[in-house]
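Report on the following structure.
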Amino acid sequence: MCPRLAAFRRQNRAAFPDFHNNPVPSFGPLDAKLLIVGLAPGLKGANRTGRPFTGDYAGDLLYGSLKRLKLAQGEYRARRDDGFTLNGVRITNAVRCVPPENKPLPVEVHTCRAFLIAEIAAMTELRVILALGQIAHQSVISTLALKRKEHSFTHGARGTASHLGKPIAIFASYHCSRYNTSTGVLTQAMFEEVLAAAKAAAGL
């Protein structure tokens with residue numbers, strides 16, 4: 001469905017034959033109350049391991065924070081088979097395939113939104129969505145048929161929507177990337193404050 005991303009996958013299969021190099025499936029129980037939506041798999045992170053946010057710095061921060069807030073258990077060892085599990089949380093990406101330079105094109109985000117729509121529709125217990133970064137936030141807003149001008153992206157932003165006849169809360173955070181943390185745009189404390197608020201809203 002996305003020729004540029006498919007070509008990039010083929011290129012990576014030749015360069016890194018032991019990588020996952022496929023669309024990355026979601027992680028966590030389908031009956032989760034909290035859905036965390038990232039941007040896309042990292043080349044040597046989720047594209048390598050086959051699990052969202054696994055194998056790169058963003059995963060270190062995300063999964064460490066989830067465990068500190070008792071939303072996960074086990075030892076995160078940056079492998080899909082490390083036995084790490086999530087409690088009431090599911091993690092996915094706005095774009096399922098790794099994009100060149102970590103930058104999906106708008107048409108690719110739009111095309112992949114069909115999978116995010118299906119994901120959210122299947123989560124019957126969903127109460128909260130936490131979007132990481134502006135692109136993921138905009139994709140969530142579009143998925144829920146909301147108006148972007150009424151739900152602008154800022155760190156800590158909150159909104160509401162309807163899902164299967166019930167209200168759900170929408171939270172936004174800066175993406176937990178190495179760039180954002182190394183430049184001081186996002187600190188661990190800032191991230192965990194938003195995550196804790198999302199947890200409380202989900203009743204977890």
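By order in the structure tokens, chains are A, B, ...; within a chain, residues start at 1; ligands start at 1, following the order shown.
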
Near-A:Gly38 list (6 Å; only C-alpha atoms; drop same-chain fewer than 3 positions) as a list in words: Asn93, Leu132 and Ala136 of chain A

Any chance you could list, as an NGL selection string, the residues in chain A that come up helix (DSSP H, G or I) when DSSP is run on the backbone? :A and (3-15 or 46-49 or 57-68 or 100-102 or 106-122 or 134-143 or 148-150 or 178-182 or 188-202)

Pick from A:Leu164, A:Ile135, A:Val98, A:Ala78, whichever lies nearest to A:His110 using only C-alpha atoms: A:Ile135

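Excluding A:Arg48 and any residue on its chain fewer than 3 positions from it, the residues at most 7 Å away by only C-alpha atoms are Phe19, His20, Asn21, Leu43, Lys44 and Gly45 of chain A.
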
DSSP says strand (DSSP E or B) for which residues of stretch 21-158 of chain A? Put them as a CSV table (one decimal) with N, CA, C and O atoms, in the first residue's frame?
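Written file, part.csv:
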```
chain,number,residue,atom,x,y,z
A,27,PHE,N,1.5,-4.2,20.6
A,27,PHE,CA,2.0,-4.9,21.8
A,27,PHE,C,1.1,-4.6,22.9
A,27,PHE,O,0.8,-3.5,23.2
A,34,LEU,N,-5.8,1.6,28.1
A,34,LEU,CA,-5.0,2.7,27.7
A,34,LEU,C,-4.2,2.3,26.4
A,34,LEU,O,-3.5,1.3,26.4
A,35,LEU,N,-4.3,3.1,25.4
A,35,LEU,CA,-3.6,2.8,24.1
A,35,LEU,C,-2.6,4.0,23.9
A,35,LEU,O,-2.9,5.1,24.0
A,36,ILE,N,-1.3,3.6,23.8
A,36,ILE,CA,-0.2,4.5,23.5
A,36,ILE,C,0.1,4.4,22.0
A,36,ILE,O,0.4,3.3,21.5
A,37,VAL,N,0.1,5.6,21.4
A,37,VAL,CA,0.3,5.6,19.9
A,37,VAL,C,1.6,6.4,19.6
A,37,VAL,O,1.7,7.6,19.9
A,38,GLY,N,2.6,5.7,19.1
A,38,GLY,CA,3.8,6.3,18.6
A,38,GLY,C,3.8,6.7,17.2
A,38,GLY,O,2.8,6.6,16.5
A,72,ALA,N,3.5,-2.1,33.8
A,72,ALA,CA,4.2,-3.2,33.1
A,72,ALA,C,4.9,-4.0,34.2
A,72,ALA,O,5.2,-3.5,35.3
A,73,GLN,N,5.3,-5.2,33.8
A,73,GLN,CA,6.1,-6.0,34.8
A,73,GLN,C,7.1,-6.9,34.0
A,73,GLN,O,6.9,-7.1,32.8
A,85,THR,N,5.8,-7.7,30.1
A,85,THR,CA,4.4,-7.6,29.8
A,85,THR,C,3.8,-6.3,30.2
A,85,THR,O,4.3,-5.7,31.1
A,86,LEU,N,2.7,-5.9,29.6
A,86,LEU,CA,2.0,-4.7,29.9
A,86,LEU,C,0.7,-5.0,30.7
A,86,LEU,O,0.0,-6.0,30.5
A,89,VAL,N,-2.4,-1.9,29.2
A,89,VAL,CA,-1.8,-0.9,28.2
A,89,VAL,C,-1.6,-1.7,26.9
A,89,VAL,O,-1.1,-2.8,26.9
A,90,ARG,N,-1.8,-1.0,25.8
A,90,ARG,CA,-1.5,-1.5,24.5
A,90,ARG,C,-0.7,-0.4,23.8
A,90,ARG,O,-1.0,0.7,24.0
A,91,ILE,N,0.3,-0.8,23.0
A,91,ILE,CA,1.2,0.1,22.3
A,91,ILE,C,1.2,-0.2,20.8
A,91,ILE,O,1.3,-1.3,20.4
A,92,THR,N,1.0,0.9,20.0
A,92,THR,CA,1.0,0.7,18.6
A,92,THR,C,1.7,2.0,18.0
A,92,THR,O,2.1,2.8,18.7
A,93,ASN,N,1.7,2.0,16.6
A,93,ASN,CA,2.3,3.2,15.9
A,93,ASN,C,1.3,3.7,14.9
A,93,ASN,O,0.5,2.9,14.3
A,128,VAL,N,-8.6,5.6,27.3
A,128,VAL,CA,-7.7,6.7,27.1
A,128,VAL,C,-6.7,6.4,26.0
A,128,VAL,O,-6.3,5.2,25.8
A,129,ILE,N,-6.4,7.4,25.2
A,129,ILE,CA,-5.3,7.3,24.2
A,129,ILE,C,-4.3,8.3,24.5
A,129,ILE,O,-4.6,9.5,24.7
A,130,LEU,N,-3.0,7.9,24.5
A,130,LEU,CA,-1.9,8.8,24.7
A,130,LEU,C,-1.1,8.8,23.5
A,130,LEU,O,-0.5,7.8,23.1
A,131,ALA,N,-1.0,9.9,22.8
A,131,ALA,CA,-0.3,10.1,21.5
A,131,ALA,C,1.1,10.7,21.8
A,131,ALA,O,1.2,11.7,22.6
A,132,LEU,N,2.1,10.1,21.3
A,132,LEU,CA,3.5,10.5,21.5
A,132,LEU,C,4.0,11.3,20.2
A,132,LEU,O,4.3,10.7,19.2
A,158,ARG,N,-4.9,17.8,26.6
A,158,ARG,CA,-6.0,16.8,26.9
A,158,ARG,C,-7.2,17.1,26.1
A,158,ARG,O,-7.5,18.3,25.9
```

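Among the candidates A:Leu61, A:Lys149, A:Pro52, A:Ala14, the residue lying nearest to A:Met190 is A:Leu61 (atoms considered: only C-alpha atoms).
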
How close does stretch 48-95 of chain A get to stretch 195-202 of chain A? List, as JSON lines, each residue of stretch 48-95 of chain A within 12 Å, its nearest atom pair and the distance in Å to one decimal, counting only C-alpha atoms.
```
{"residue": "A:Leu61", "atom": "CA", "partner": "A:Leu195", "partner_atom": "CA", "distance": 11.6}
{"residue": "A:Leu62", "atom": "CA", "partner": "A:Leu195", "partner_atom": "CA", "distance": 9.4}
{"residue": "A:Tyr63", "atom": "CA", "partner": "A:Leu195", "partner_atom": "CA", "distance": 11.3}
{"residue": "A:Gly64", "atom": "CA", "partner": "A:Leu195", "partner_atom": "CA", "distance": 11.7}
{"residue": "A:Ser65", "atom": "CA", "partner": "A:Leu195", "partner_atom": "CA", "distance": 8.1}
{"residue": "A:Leu66", "atom": "CA", "partner": "A:Leu195", "partner_atom": "CA", "distance": 8.0}
{"residue": "A:Lys67", "atom": "CA", "partner": "A:Leu195", "partner_atom": "CA", "distance": 11.3}
{"residue": "A:Arg68", "atom": "CA", "partner": "A:Ala196", "partner_atom": "CA", "distance": 10.1}
{"residue": "A:Leu69", "atom": "CA", "partner": "A:Ala196", "partner_atom": "CA", "distance": 7.1}
{"residue": "A:Lys70", "atom": "CA", "partner": "A:Lys199", "partner_atom": "CA", "distance": 9.8}
{"residue": "A:Leu71", "atom": "CA", "partner": "A:Lys199", "partner_atom": "CA", "distance": 8.2}
{"residue": "A:Ala72", "atom": "CA", "partner": "A:Lys199", "partner_atom": "CA", "distance": 11.9}
{"residue": "A:Asn87", "atom": "CA", "partner": "A:Lys199", "partner_atom": "CA", "distance": 10.6}
{"residue": "A:Gly88", "atom": "CA", "partner": "A:Ala202", "partner_atom": "CA", "distance": 8.9}
{"residue": "A:Val89", "atom": "CA", "partner": "A:Lys199", "partner_atom": "CA", "distance": 9.1}
```

Any chance you can output those residues with C-alpha atoms as a PDB file, in the first residue's frame?
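Final output, saved to result10.pdb:
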```
ATOM      1  CA  LEU A  61      12.339   5.586  28.554  1.00  0.00           C
ATOM      2  CA  LEU A  62       8.841   4.351  27.692  1.00  0.00           C
ATOM      3  CA  TYR A  63       9.094   0.873  29.161  1.00  0.00           C
ATOM      4  CA  GLY A  64      11.063   2.058  32.181  1.00  0.00           C
ATOM      5  CA  SER A  65       8.347   4.611  32.910  1.00  0.00           C
ATOM      6  CA  LEU A  66       5.575   2.065  32.423  1.00  0.00           C
ATOM      7  CA  LYS A  67       7.214  -0.258  34.923  1.00  0.00           C
ATOM      8  CA  ARG A  68       7.771   2.510  37.474  1.00  0.00           C
ATOM      9  CA  LEU A  69       4.069   3.345  37.246  1.00  0.00           C
ATOM     10  CA  LYS A  70       3.147  -0.351  37.605  1.00  0.00           C
ATOM     11  CA  LEU A  71       1.736  -0.455  34.083  1.00  0.00           C
ATOM     12  CA  ALA A  72       4.209  -3.187  33.144  1.00  0.00           C
ATOM     13  CA  ASN A  87      -0.820  -4.177  32.450  1.00  0.00           C
ATOM     14  CA  GLY A  88      -3.920  -2.616  30.926  1.00  0.00           C
ATOM     15  CA  VAL A  89      -1.836  -0.924  28.232  1.00  0.00           C
TER      16      VAL A  89
END
```

Rounded to one decimal place, report the atom CA of A:Thr111-atom CA of A:Phe16 distance in Å. 25.9 Å

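For the choices A:Ser152, A:Ser26, A:Asn12, A:Asn102, the atom-to-atom distance to A:Gly50 is smallest for A:Ser26 when using only C-alpha atoms.
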